[in-house]
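File shown: query.csv. Contents: CSV, C-alpha atoms and all ligand atoms.
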```
chain,number,residue,atom,x,y,z
A,30,MET,CA,96.0,89.8,90.5
A,31,LEU,CA,98.7,92.1,89.1
A,32,THR,CA,100.9,94.3,91.3
A,33,HIS,CA,103.6,96.9,90.5
A,34,ALA,CA,107.1,95.9,91.4
A,35,TYR,CA,110.8,96.5,90.7
A,36,GLY,CA,112.8,93.5,89.6
A,37,PHE,CA,115.8,92.0,87.9
A,38,VAL,CA,115.9,90.0,84.6
A,39,SER,CA,119.5,88.8,85.0
A,40,SER,CA,122.4,89.0,87.5
A,41,THR,CA,123.7,92.0,85.7
A,42,SER,CA,120.5,94.0,85.0
A,43,PRO,CA,119.4,97.1,86.8
A,44,CYS,CA,116.4,97.0,89.0
A,45,SER,CA,113.5,98.0,86.7
A,46,PRO,CA,109.8,98.5,86.9
A,47,THR,CA,107.7,95.4,86.3
A,48,GLN,CA,104.4,93.8,87.2
A,49,ILE,CA,104.0,90.5,89.1
A,50,GLU,CA,101.1,88.2,89.9
A,51,ARG,CA,99.9,87.7,93.4
A,52,ARG,CA,97.4,85.0,94.4
A,53,GLU,CA,93.9,85.9,95.7
A,54,PRO,CA,93.9,85.1,99.4
A,55,GLY,CA,93.1,81.5,100.2
A,56,PRO,CA,91.5,80.5,103.5
A,57,LYS,CA,94.7,81.0,105.6
A,58,ASP,CA,96.1,83.9,103.6
A,59,VAL,CA,96.6,87.5,104.3
A,60,LEU,CA,96.7,90.0,101.4
A,61,ILE,CA,99.0,93.0,102.4
A,62,ASP,CA,99.3,96.4,100.8
A,63,ILE,CA,103.1,97.0,101.2
A,64,ALA,CA,104.2,100.3,102.6
A,65,TYR,CA,107.9,99.9,102.9
A,66,CYS,CA,110.6,97.3,102.1
A,67,GLY,CA,114.2,97.4,103.4
A,68,ILE,CA,117.2,96.6,101.2
A,69,CYS,CA,119.2,93.8,102.9
A,70,HIS,CA,122.6,92.8,101.6
A,71,SER,CA,121.2,89.3,101.0
A,72,ASP,CA,118.9,91.0,98.3
A,73,ILE,CA,122.1,92.1,96.6
A,74,HIS,CA,123.9,88.7,96.9
A,75,THR,CA,120.8,87.0,95.4
A,76,ALA,CA,119.9,89.5,92.6
A,77,ARG,CA,123.5,89.5,91.4
A,78,GLY,CA,123.8,85.7,91.5
A,79,GLU,CA,126.5,85.7,94.1
A,80,TRP,CA,125.0,82.7,95.9
A,81,GLY,CA,124.2,80.7,92.8
A,82,LYS,CA,121.9,81.2,89.8
A,83,GLY,CA,118.8,83.3,90.5
A,84,HIS,CA,115.4,82.4,89.1
A,85,TYR,CA,114.9,85.4,86.9
A,86,PRO,CA,112.8,87.5,86.4
A,87,LEU,CA,113.1,88.1,90.1
A,88,VAL,CA,111.8,90.6,92.6
A,89,VAL,CA,113.7,90.5,95.9
A,90,GLY,CA,113.0,92.1,99.3
A,91,HIS,CA,112.3,90.5,102.7
A,92,GLU,CA,112.0,93.4,105.1
A,93,ILE,CA,108.3,94.2,104.5
A,94,THR,CA,105.8,96.3,106.4
A,95,GLY,CA,102.3,97.2,105.3
A,96,THR,CA,98.6,97.1,106.0
A,97,VAL,CA,96.2,94.2,105.7
A,98,ARG,CA,93.9,94.6,102.7
A,99,ALA,CA,91.9,91.3,103.0
A,100,VAL,CA,92.1,88.0,104.8
A,101,GLY,CA,90.9,84.5,104.1
A,102,ALA,CA,88.0,82.8,105.9
A,103,ASP,CA,90.2,80.9,108.4
A,104,VAL,CA,92.5,83.8,109.4
A,105,LYS,CA,92.1,84.5,113.1
A,106,ALA,CA,94.9,86.9,114.1
A,107,TYR,CA,94.5,89.7,111.5
A,108,LYS,CA,91.8,91.9,109.9
A,109,PRO,CA,91.8,94.5,107.2
A,110,GLY,CA,93.6,97.7,108.4
A,111,ASP,CA,96.1,95.9,110.7
A,112,ARG,CA,99.7,96.9,110.7
A,113,VAL,CA,101.8,93.9,109.7
A,114,GLY,CA,105.2,92.7,108.6
A,115,VAL,CA,106.7,89.9,106.6
A,116,GLY,CA,110.3,88.7,106.8
A,117,CYS,CA,112.4,86.1,105.0
A,118,MET,CA,110.0,83.2,105.0
A,119,VAL,CA,106.5,82.6,103.6
A,120,ASP,CA,105.9,78.8,104.0
A,121,SER,CA,107.1,75.6,105.7
A,122,CYS,CA,105.8,72.1,106.3
A,123,GLY,CA,104.4,73.0,109.8
A,124,GLU,CA,105.1,69.4,111.0
A,125,CYS,CA,108.8,68.6,111.2
A,126,GLU,CA,110.9,68.7,114.3
A,127,TYR,CA,112.0,72.3,113.5
A,128,CYS,CA,108.6,73.7,112.7
A,129,ALA,CA,107.3,72.1,115.9
A,130,GLN,CA,109.9,74.2,117.8
A,131,GLY,CA,109.2,77.4,116.0
A,132,LEU,CA,112.4,77.1,114.0
A,133,GLU,CA,110.7,77.2,110.6
A,134,GLN,CA,113.9,78.6,109.0
A,135,PHE,CA,115.4,75.1,109.2
A,136,CYS,CA,112.5,73.2,107.7
A,137,ASP,CA,113.5,71.1,104.7
A,138,HIS,CA,110.4,72.3,102.9
A,139,GLY,CA,110.8,76.0,104.0
A,140,ILE,CA,110.0,78.6,101.3
A,141,PHE,CA,111.8,81.9,101.4
A,142,THR,CA,110.1,85.1,100.5
A,143,TYR,CA,111.9,85.4,97.1
A,144,ASN,CA,113.8,83.1,94.8
A,145,SER,CA,112.2,79.9,96.2
A,146,ARG,CA,109.7,77.6,94.5
A,147,ASP,CA,106.4,77.8,96.2
A,148,GLN,CA,103.9,74.9,96.5
A,149,TRP,CA,102.4,75.8,93.1
A,150,GLY,CA,105.8,75.6,91.4
A,151,GLN,CA,106.1,79.4,91.0
A,152,THR,CA,109.1,81.4,91.9
A,153,THR,CA,108.4,83.4,95.1
A,154,GLN,CA,108.7,87.2,94.5
A,155,GLY,CA,109.6,89.6,97.3
A,156,GLY,CA,108.8,92.9,98.8
A,157,TYR,CA,110.0,95.4,96.2
A,158,SER,CA,106.4,95.5,95.2
A,159,GLN,CA,103.1,97.0,96.2
A,160,ALA,CA,101.2,93.9,97.5
A,161,ILE,CA,101.9,90.4,98.7
A,162,THR,CA,99.8,87.4,99.7
A,163,VAL,CA,101.2,85.4,102.7
A,164,GLN,CA,100.0,82.7,105.0
A,165,GLU,CA,98.9,84.0,108.3
A,166,HIS,CA,101.6,82.0,110.2
A,167,PHE,CA,104.3,84.1,108.4
A,168,VAL,CA,102.7,87.5,109.1
A,169,PHE,CA,103.7,89.5,112.2
A,170,SER,CA,102.1,92.3,114.0
A,171,ILE,CA,103.9,95.6,114.0
A,172,PRO,CA,103.5,97.2,117.5
A,173,ASP,CA,102.0,100.7,117.4
A,174,ALA,CA,105.2,102.2,118.8
A,175,ILE,CA,107.2,101.2,115.7
A,176,ALA,CA,106.9,103.4,112.6
A,177,MET,CA,106.3,101.4,109.4
A,178,ASP,CA,109.5,102.7,107.7
A,179,GLU,CA,111.9,102.3,110.6
A,180,GLY,CA,110.3,98.9,111.5
A,181,ALA,CA,110.7,97.3,108.1
A,182,PRO,CA,114.4,96.4,108.5
A,183,LEU,CA,113.7,94.6,111.8
A,184,LEU,CA,112.0,91.8,109.8
A,185,CYS,CA,115.4,90.6,108.7
A,186,ALA,CA,118.2,92.6,110.3
A,187,GLY,CA,116.3,92.7,113.6
A,188,VAL,CA,115.6,89.0,114.0
A,189,THR,CA,119.0,87.9,112.5
A,190,THR,CA,120.8,89.8,115.3
A,191,TYR,CA,118.2,89.3,118.0
A,192,SER,CA,118.3,85.5,117.7
A,193,PRO,CA,122.0,84.8,118.5
A,194,LEU,CA,122.1,87.7,121.0
A,195,LYS,CA,119.2,86.3,122.9
A,196,ARG,CA,120.8,82.8,122.8
A,197,TRP,CA,124.1,84.0,124.4
A,198,VAL,CA,123.9,87.4,126.1
A,199,GLN,CA,123.8,87.8,129.8
A,200,PRO,CA,123.8,91.3,131.4
A,201,GLY,CA,127.3,92.7,131.8
A,202,MET,CA,128.8,90.4,129.1
A,203,LYS,CA,131.4,92.0,126.8
A,204,VAL,CA,130.0,91.7,123.3
A,205,ALA,CA,131.6,92.9,120.1
A,206,ILE,CA,129.6,93.5,116.9
A,207,VAL,CA,131.7,93.3,113.8
A,208,GLY,CA,130.6,95.4,110.8
A,209,LEU,CA,128.4,98.5,111.4
A,210,GLY,CA,126.0,98.0,108.5
A,211,GLY,CA,122.3,97.2,108.3
A,212,LEU,CA,122.5,94.2,110.6
A,213,GLY,CA,125.3,95.6,112.8
A,214,HIS,CA,123.7,98.8,113.7
A,215,VAL,CA,120.5,97.0,114.9
A,216,GLY,CA,122.7,94.4,116.7
A,217,VAL,CA,124.5,97.1,118.7
A,218,GLN,CA,121.1,98.5,119.9
A,219,ILE,CA,119.7,95.1,120.8
A,220,ALA,CA,122.9,93.9,122.6
A,221,ALA,CA,122.9,97.1,124.6
A,222,ALA,CA,119.2,96.8,125.4
A,223,MET,CA,120.0,93.3,126.7
A,224,GLY,CA,122.5,94.8,129.1
A,225,ALA,CA,125.7,93.9,127.4
A,226,ASP,CA,128.8,96.1,127.4
A,227,VAL,CA,129.0,96.5,123.6
A,228,SER,CA,132.0,97.3,121.4
A,229,VAL,CA,131.9,97.9,117.6
A,230,ILE,CA,134.7,96.5,115.5
A,231,SER,CA,134.5,98.2,112.1
A,232,HIS,CA,137.0,98.5,109.3
A,233,THR,CA,137.2,102.3,109.6
A,234,MET,CA,136.8,104.9,112.3
A,235,SER,CA,134.3,106.8,110.1
A,236,LYS,CA,131.2,105.6,111.9
A,237,GLN,CA,132.6,106.0,115.5
A,238,ALA,CA,130.1,108.7,116.6
A,239,ASP,CA,127.2,106.7,115.3
A,240,GLY,CA,128.4,103.4,116.9
A,241,LEU,CA,128.6,105.1,120.3
A,242,ALA,CA,125.3,106.9,119.9
A,243,LEU,CA,123.6,103.5,119.1
A,244,GLY,CA,124.7,102.2,122.5
A,245,ALA,CA,128.3,101.0,122.2
A,246,SER,CA,130.8,101.9,124.9
A,247,ALA,CA,133.8,101.4,122.7
A,248,TYR,CA,134.6,101.5,119.0
A,249,TYR,CA,137.6,100.0,117.2
A,250,ALA,CA,138.7,99.9,113.6
A,251,THR,CA,140.7,97.0,112.1
A,252,GLU,CA,142.5,99.4,109.7
A,253,GLU,CA,144.2,101.0,112.7
A,254,GLU,CA,147.6,99.5,113.6
A,255,GLY,CA,147.6,97.1,116.6
A,256,THR,CA,143.8,96.8,117.0
A,257,PHE,CA,143.7,93.0,117.0
A,258,LYS,CA,146.6,92.8,119.4
A,259,ARG,CA,144.9,95.2,121.7
A,260,LEU,CA,141.6,93.3,121.6
A,261,ALA,CA,143.1,89.8,122.1
A,262,ASN,CA,141.2,87.6,124.6
A,263,GLN,CA,138.7,90.5,125.4
A,264,PHE,CA,135.2,89.4,124.5
A,265,ASP,CA,132.7,86.9,125.8
A,266,MET,CA,130.8,87.0,122.5
A,267,ILE,CA,131.5,88.4,119.0
A,268,LEU,CA,128.7,88.7,116.4
A,269,SER,CA,130.1,89.1,112.9
A,270,THR,CA,127.9,90.7,110.3
A,271,VAL,CA,130.5,91.2,107.6
A,272,SER,CA,129.3,90.7,104.0
A,273,SER,CA,132.7,90.0,102.5
A,274,THR,CA,135.4,87.6,103.3
A,275,ASP,CA,137.6,88.8,106.2
A,276,ASP,CA,140.3,87.8,108.6
A,277,TYR,CA,138.1,85.5,110.8
A,278,THR,CA,141.0,84.1,112.7
A,279,SER,CA,141.9,87.5,114.0
A,280,TYR,CA,138.4,88.0,115.4
A,281,ILE,CA,138.3,84.6,117.0
A,282,ASN,CA,141.5,85.5,118.8
A,283,CYS,CA,139.6,88.5,120.3
A,284,LEU,CA,137.4,86.0,122.2
A,285,ASN,CA,138.3,85.1,125.8
A,286,LYS,CA,139.2,81.5,126.4
A,287,THR,CA,135.6,80.2,126.5
A,288,GLY,CA,134.0,82.9,124.3
A,289,VAL,CA,131.6,82.4,121.4
A,290,MET,CA,131.7,83.9,118.0
A,291,VAL,CA,128.5,83.8,116.0
A,292,ASN,CA,128.7,84.5,112.3
A,293,VAL,CA,125.7,85.7,110.4
A,294,GLY,CA,127.5,87.3,107.4
A,295,MET,CA,127.2,85.3,104.2
A,296,PRO,CA,130.0,86.3,101.8
A,297,ALA,CA,129.9,84.5,98.5
A,298,SER,CA,133.4,83.0,98.7
A,299,PRO,CA,134.9,80.4,101.1
A,300,VAL,CA,137.1,81.8,103.9
A,301,ASP,CA,140.3,80.5,105.5
A,302,ILE,CA,140.2,80.0,109.3
A,303,TYR,CA,143.2,78.9,111.3
A,304,ILE,CA,141.3,76.3,113.3
A,305,ARG,CA,143.7,76.2,116.2
A,306,ALA,CA,142.4,79.6,117.2
A,307,LEU,CA,139.3,77.8,118.6
A,308,SER,CA,141.5,76.2,121.3
A,309,PRO,CA,141.4,76.6,124.3
A,310,ARG,CA,137.6,76.3,124.4
A,311,ARG,CA,136.1,78.8,122.0
A,312,THR,CA,132.9,78.2,120.1
A,313,LEU,CA,132.2,79.2,116.5
A,314,GLN,CA,128.5,79.1,115.5
A,315,GLY,CA,126.3,80.0,112.6
A,316,SER,CA,122.8,81.5,112.8
A,317,LEU,CA,120.1,81.9,110.2
A,318,ILE,CA,117.4,84.6,110.7
A,319,GLY,CA,115.0,83.4,113.4
A,320,GLY,CA,111.7,81.5,113.6
A,321,CYS,CA,108.2,82.9,113.6
A,322,PRO,CA,107.6,83.1,117.4
A,323,GLU,CA,111.1,84.7,117.8
A,324,THR,CA,110.3,87.2,115.1
A,325,GLN,CA,107.2,88.5,116.9
A,326,GLU,CA,109.1,88.4,120.2
A,327,MET,CA,111.9,90.5,118.6
A,328,LEU,CA,109.3,93.1,117.4
A,329,ASP,CA,107.8,93.4,120.8
A,330,PHE,CA,111.3,93.7,122.4
A,331,CYS,CA,112.3,96.5,120.0
A,332,ALA,CA,109.0,98.3,120.6
A,333,GLU,CA,109.6,98.2,124.3
A,334,LYS,CA,113.3,99.1,124.3
A,335,GLY,CA,113.2,101.7,121.5
A,336,VAL,CA,115.3,99.8,119.0
A,337,ARG,CA,114.7,101.1,115.5
A,338,ALA,CA,116.6,100.9,112.2
A,339,ARG,CA,118.2,104.2,111.1
A,340,ILE,CA,117.0,104.5,107.6
A,341,GLU,CA,117.3,106.5,104.3
A,342,THR,CA,114.0,106.3,102.4
A,343,ILE,CA,114.3,105.9,98.6
A,344,THR,CA,112.1,105.6,95.5
A,345,GLY,CA,112.0,102.6,93.1
A,346,ASP,CA,114.2,104.2,90.5
A,347,GLN,CA,117.0,104.7,93.1
A,348,ILE,CA,117.3,101.0,93.9
A,349,THR,CA,120.0,100.2,91.4
A,350,ASP,CA,122.2,103.0,92.8
A,351,ALA,CA,121.4,102.0,96.4
A,352,PHE,CA,122.7,98.5,95.8
A,353,ASP,CA,126.1,100.0,94.8
A,354,LYS,CA,126.2,102.2,97.8
A,355,VAL,CA,125.4,99.4,100.2
A,356,VAL,CA,128.3,97.4,98.7
A,357,ARG,CA,130.6,100.4,99.2
A,358,SER,CA,129.3,100.7,102.9
A,359,GLN,CA,127.9,104.1,102.1
A,360,VAL,CA,124.4,103.6,103.5
A,361,ARG,CA,123.5,105.0,106.9
A,362,TYR,CA,122.3,102.4,107.8
A,363,ARG,CA,119.5,100.8,105.9
A,364,TYR,CA,117.8,101.9,102.6
A,365,VAL,CA,114.0,101.5,102.8
A,366,ILE,CA,112.0,101.6,99.6
A,367,ASP,CA,108.7,103.6,99.7
A,368,ALA,CA,106.3,101.2,98.0
A,369,ASN,CA,104.1,104.1,96.8
A,370,THR,CA,106.9,104.9,94.3
A,371,LEU,CA,107.0,101.5,92.6
A,372,GLY,CA,104.1,102.3,90.2
A,373,GLN,CA,100.5,103.6,90.3
A,374,ARG,CA,98.4,102.1,93.1
B,1,LIG,P1,125.6,95.7,105.0
B,1,LIG,O1,124.6,96.7,105.4
B,1,LIG,O2,126.3,95.9,103.7
B,1,LIG,O3,126.7,95.6,106.2
B,1,LIG,C1,127.8,94.8,106.1
B,1,LIG,C2,129.0,95.4,106.8
B,1,LIG,O4,130.1,94.6,106.6
B,1,LIG,C3,129.4,96.8,106.3
B,1,LIG,O5,128.7,97.9,106.8
B,1,LIG,C4,130.9,96.8,106.7
B,1,LIG,O6,131.0,97.3,108.0
B,1,LIG,C5,131.3,95.4,106.5
B,1,LIG,N1,131.9,95.2,105.2
B,1,LIG,C6,131.5,95.6,104.0
B,1,LIG,N2,132.3,95.4,103.0
B,1,LIG,C7,133.4,94.8,103.6
B,1,LIG,C8,134.6,94.3,103.1
B,1,LIG,N3,134.9,94.4,101.8
B,1,LIG,N4,135.4,93.7,103.9
B,1,LIG,C9,135.0,93.6,105.2
B,1,LIG,N5,133.9,94.1,105.7
B,1,LIG,C10,133.1,94.7,104.9
B,1,LIG,O7,125.0,94.3,105.0
B,1,LIG,P2,123.9,93.6,105.9
B,1,LIG,O8,122.6,93.8,105.2
B,1,LIG,O9,124.0,94.0,107.3
B,1,LIG,O10,124.2,92.1,105.8
B,1,LIG,C11,125.5,91.6,106.2
B,1,LIG,C12,125.7,90.1,105.8
B,1,LIG,O11,124.8,89.3,106.5
B,1,LIG,C13,125.4,89.9,104.3
B,1,LIG,O12,126.4,88.9,103.8
B,1,LIG,C14,124.0,89.2,104.3
B,1,LIG,O13,123.8,88.4,103.2
B,1,LIG,C15,124.1,88.5,105.6
B,1,LIG,N6,122.8,88.1,106.2
B,1,LIG,C16,122.7,87.0,106.9
B,1,LIG,C17,121.5,86.6,107.5
B,1,LIG,C18,121.5,85.4,108.3
B,1,LIG,O14,120.4,84.9,108.6
B,1,LIG,N7,122.6,84.7,108.6
B,1,LIG,C19,120.4,87.5,107.5
B,1,LIG,C20,120.6,88.7,106.8
B,1,LIG,C21,121.8,89.0,106.2
B,1,LIG,P3,132.1,98.3,108.5
B,1,LIG,O15,132.1,99.4,107.5
B,1,LIG,O16,131.7,98.7,109.8
B,1,LIG,O17,133.4,97.5,108.5
B,2,ZN,ZN,118.0,90.0,104.9
```
Let me see whether you can do it: turn the structure in this file into structure tokens.
Ligand code: NAP
Ligand code: ZN
Amino acid sequence: MLTHAYGFVSSTSPCSPTQIERREPGPKDVLIDIAYCGICHSDIHTARGEWGKGHYPLVVGHEITGTVRAVGADVKAYKPGDRVGVGCMVDSCGECEYCAQGLEQFCDHGIFTYNSRDQWGQTTQGGYSQAITVQEHFVFSIPDAIAMDEGAPLLCAGVTTYSPLKRWVQPGMKVAIVGLGGLGHVGVQIAAAMGADVSVISHTMSKQADGLALGASAYYATEEEGTFKRLANQFDMILSTVSSTDDYTSYINCLNKTGVMVNVGMPASPVDIYIRALSPRRTLQGSLIGGCPETQEMLDFCAEKGVRARIETITGDQITDAFDKVVRSQVRYRYVIDANTLGQR
């Protein structure tokens, strides 16, 4: 069946109206009428070919909320009318050591929501569209307490920050979130809700009031003289969400002697790190979104703790402009596309 969408025909094209094919639900599938889709910086890296060649024509978007329209015969958890979400993944083998642990994001046969090849050899197309068909396992329940628009960004920004914070944070720990963007502003709230003493390390002081209102007890800007010197050896954990290359060594030096820095930012270019900064016994770790069980756990946690994305709702014809504003750090703090504006229903 055809659905209205906004997509890209090349790495330099604007985001333009199009129509894409969605499969009729198979036995284990859920067909979802999309209500909202967040704009993640990964959508921009992908659409612009910054991580390698995209499979154009391409519709991106992996922060999806909506309502179930229909379900296949074997679907147990969902029924028409249910409030649901879809994140960065739509398929995996279901059998490997990672899938068995609920770490589907590491499956060698994992299929991402867009720009992947699905089991039928088609390029997966994402959430800047009005409908999507997804296997039940990769569909999540949106708790009633979470509004569909403010909830959409949790499907990527929420789980990407929740996963490493859950892994490391103990109440009272000193945690710094680097970059107050889409990921960072959710990360600050989650870390504070876990009982951490949270600092924001941004490039500028311009978002200080917001950082403190989101739950941070301190806010620093690297453009201010002496910031790195002042923060040396201060933090138990640093979570970096920066979308560009940056001075990673200086952040590592802000860890205490046994601290851990988790990097989730994915700049397109390689970065230099002065590896001696990891001595005495610091840890540098990566993290990739989160698995399916952890995604539902995160949604329930956010519902209970009042963690929500701060959003600016936009229409389909504003997406091209919104991408530029995200790159310039002008979004406060996540653009969310109203799917009703992508074409006639
Ligand atoms: P975003 O909303 O653009 O936020 C990124 C933040 O990085 C900005 O708000 C800014 O914070 C800082 N920044 C921007 N430009 C910069 C520059 N030139 N130099 C240094 N810092 C800069 O992006 P996002 O959606 O949160 O995503 C952040 C990164 O995480 C992207 O690279 C994205 O692809 C990646 N990501 C990874 C995963 C994963 O699973 N690992 C999942 C989702 C996204 P300040 O203004 O406060 O400095
Ligand atoms: Zn994302």
Exercise. How many Å separate CA of Asn144 in chain A from CA of His84 in chain A?
Worked result: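 Atom-to-atom, CA of Asn144 in chain A and CA of His84 in chain A are spaced 6.0 Å apart.
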Exercise. Pick the closest to Ile73 in chain A from A:Gln218, A:Ser246, A:Gln263, A:Thr349: which is it, counting all atoms listed in the file?
Worked result: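 Answer, going by the shortest atom-to-atom distance: A:Thr349.
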Give me the residues of chain A that have any atom at most 6 Å from an atom of ligand LIG 1 (chain B); for each, the nearest atom pair and the distance in Å, rounded to one decimal. Use only C-alpha atoms and all ligand atoms, sort by chain and number, and format it as JSON lines.
```
{"residue": "A:Cys69", "atom": "CA", "partner": "B:LIG1", "partner_atom": "O8", "distance": 4.1}
{"residue": "A:His70", "atom": "CA", "partner": "B:LIG1", "partner_atom": "O8", "distance": 3.7}
{"residue": "A:Ser71", "atom": "CA", "partner": "B:LIG1", "partner_atom": "O13", "distance": 3.5}
{"residue": "A:Cys185", "atom": "CA", "partner": "B:LIG1", "partner_atom": "C20", "distance": 5.9}
{"residue": "A:Ala186", "atom": "CA", "partner": "B:LIG1", "partner_atom": "C20", "distance": 5.8}
{"residue": "A:Thr189", "atom": "CA", "partner": "B:LIG1", "partner_atom": "O14", "distance": 5.1}
{"residue": "A:Gly208", "atom": "CA", "partner": "B:LIG1", "partner_atom": "O6", "distance": 3.4}
{"residue": "A:Leu209", "atom": "CA", "partner": "B:LIG1", "partner_atom": "O16", "distance": 3.7}
{"residue": "A:Gly210", "atom": "CA", "partner": "B:LIG1", "partner_atom": "O5", "distance": 3.2}
{"residue": "A:Gly211", "atom": "CA", "partner": "B:LIG1", "partner_atom": "O1", "distance": 3.7}
{"residue": "A:Leu212", "atom": "CA", "partner": "B:LIG1", "partner_atom": "O9", "distance": 3.6}
{"residue": "A:Gly213", "atom": "CA", "partner": "B:LIG1", "partner_atom": "O9", "distance": 5.9}
{"residue": "A:Ser231", "atom": "CA", "partner": "B:LIG1", "partner_atom": "O16", "distance": 3.7}
{"residue": "A:His232", "atom": "CA", "partner": "B:LIG1", "partner_atom": "O17", "distance": 3.8}
{"residue": "A:Thr270", "atom": "CA", "partner": "B:LIG1", "partner_atom": "C11", "distance": 4.8}
{"residue": "A:Val271", "atom": "CA", "partner": "B:LIG1", "partner_atom": "O4", "distance": 3.6}
{"residue": "A:Ser272", "atom": "CA", "partner": "B:LIG1", "partner_atom": "O12", "distance": 3.4}
{"residue": "A:Ser273", "atom": "CA", "partner": "B:LIG1", "partner_atom": "C8", "distance": 4.7}
{"residue": "A:Asp275", "atom": "CA", "partner": "B:LIG1", "partner_atom": "C9", "distance": 5.5}
{"residue": "A:Val293", "atom": "CA", "partner": "B:LIG1", "partner_atom": "N7", "distance": 3.7}
{"residue": "A:Gly294", "atom": "CA", "partner": "B:LIG1", "partner_atom": "O11", "distance": 3.5}
{"residue": "A:Met295", "atom": "CA", "partner": "B:LIG1", "partner_atom": "O12", "distance": 3.7}
{"residue": "A:Pro296", "atom": "CA", "partner": "B:LIG1", "partner_atom": "O12", "distance": 4.9}
{"residue": "A:Ser316", "atom": "CA", "partner": "B:LIG1", "partner_atom": "N7", "distance": 5.3}
{"residue": "A:Leu317", "atom": "CA", "partner": "B:LIG1", "partner_atom": "O14", "distance": 3.4}
{"residue": "A:Ile318", "atom": "CA", "partner": "B:LIG1", "partner_atom": "O14", "distance": 3.7}
{"residue": "A:Val355", "atom": "CA", "partner": "B:LIG1", "partner_atom": "O2", "distance": 5.0}
{"residue": "A:Val356", "atom": "CA", "partner": "B:LIG1", "partner_atom": "O2", "distance": 5.6}
{"residue": "A:Ser358", "atom": "CA", "partner": "B:LIG1", "partner_atom": "O5", "distance": 4.8}
```
Problem set entry | CA of Val97 in chain A to CA of Leu60 in chain A, distance in Å rounded to a single decimal | 6.0 Å
Exercise. Within 12 Å of Asp353 in chain A, counting all atoms listed in the file, which residues qualify if same-chain residues fewer than 5 places away don't, as a PyMOL selection string?
Worked result: chain A and resi 43-44+68+70+73-74+77+347-348+358-360+364
Next, the residues of the selection above should be written as a PDB file, in the frame of the given file with C-alpha atoms.
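After the write, again.pdb holds the following:
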```pdb
ATOM      1  CA  PRO A  43     119.400  97.100  86.800  1.00  0.00           C
ATOM      2  CA  CYS A  44     116.400  97.000  89.000  1.00  0.00           C
ATOM      3  CA  ILE A  68     117.200  96.600 101.200  1.00  0.00           C
ATOM      4  CA  HIS A  70     122.600  92.800 101.600  1.00  0.00           C
ATOM      5  CA  ILE A  73     122.100  92.100  96.600  1.00  0.00           C
ATOM      6  CA  HIS A  74     123.900  88.700  96.900  1.00  0.00           C
ATOM      7  CA  ARG A  77     123.500  89.500  91.400  1.00  0.00           C
ATOM      8  CA  GLN A 347     117.000 104.700  93.100  1.00  0.00           C
ATOM      9  CA  ILE A 348     117.300 101.000  93.900  1.00  0.00           C
ATOM     10  CA  SER A 358     129.300 100.700 102.900  1.00  0.00           C
ATOM     11  CA  GLN A 359     127.900 104.100 102.100  1.00  0.00           C
ATOM     12  CA  VAL A 360     124.400 103.600 103.500  1.00  0.00           C
ATOM     13  CA  TYR A 364     117.800 101.900 102.600  1.00  0.00           C
TER      14      TYR A 364
END
```
For this session: Within 12 Å of Gly372 in chain A, counting all atoms listed in the file, which residues show up once you throw out same-chain ones fewer than 5 positions away? Write them as a ChimeraX atom specification, please.
Result: /A:31-35,45-49,157-160,344-346,367
Problem set entry | Cys283 in chain A surroundings by only C-alpha atoms, 9 Å radius, close-in-sequence under 2 positions cut, as a ChimeraX atom specification | /A:257-265,267,278-281,285,288
Problem set entry | Contacts of Gly90 in chain A at 7 Å (only C-alpha atoms; same-chain gap of 4+ positions) as a list in words |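 My list of contacting residues is Cys66, Gly67, Ile68, Asp72, Gly155, Gly156 and Tyr157 of chain A.
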Problem set entry | Selected residue of minimal separation from Met290 in chain A among A:Gly255, A:Gly315, A:Gly320, A:Gly95, counting only C-alpha atoms |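 When distances to Met290 in chain A are compared using only C-alpha atoms, the smallest one comes from A:Gly315.
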Problem set entry | Top pick for closest residue to ligand ZN 2 (chain B), considering A:Gly224, A:Gly81, A:Gly131, A:Gly187 and counting all atoms listed in the file |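 Among the listed residues, the smallest separation from ligand ZN 2 (chain B) belongs to A:Gly187.
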Problem set entry | Interatomic distance, CA of Asn369 in chain A to CA of Ile343 in chain A (Å, one decimal) |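 These atoms are spaced 10.5 Å apart.
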Exercise. Looking at only C-alpha atoms and all ligand atoms, which of A:Leu132, A:Leu268, A:Ala102, A:Val188 is the one that sits closest to ligand ZN 2 (chain B)?
Worked result: A:Val188
For this session: Go through A:Ser269, A:Thr324, A:Val204, A:Lys354 one by one, measure the shortest atom-to-atom distance of each to Gly114 in chain A using all atoms listed in the file, and give the residue with the smallest value.
Result: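 Residue with the minimum atom-to-atom distance to Gly114 in chain A: A:Thr324.
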For this session: Can you pull out every residue within 7 Å of range 119-126 of chain A, counting all atoms listed in the file, but drop anything in the same chain fewer than 5 positions away, and send it as a ChimeraX atom specification?
Result: /A:133,136,138-142,163-164,167
Problem set entry | Counting only C-alpha atoms and all ligand atoms, the option among A:Gly101, A:Gly335, A:Gly180, A:Gly116 closest to ligand ZN 2 (chain B) |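 Between A:Gly101, A:Gly335, A:Gly180, A:Gly116, the residue approaching ligand ZN 2 (chain B) most closely is A:Gly116.
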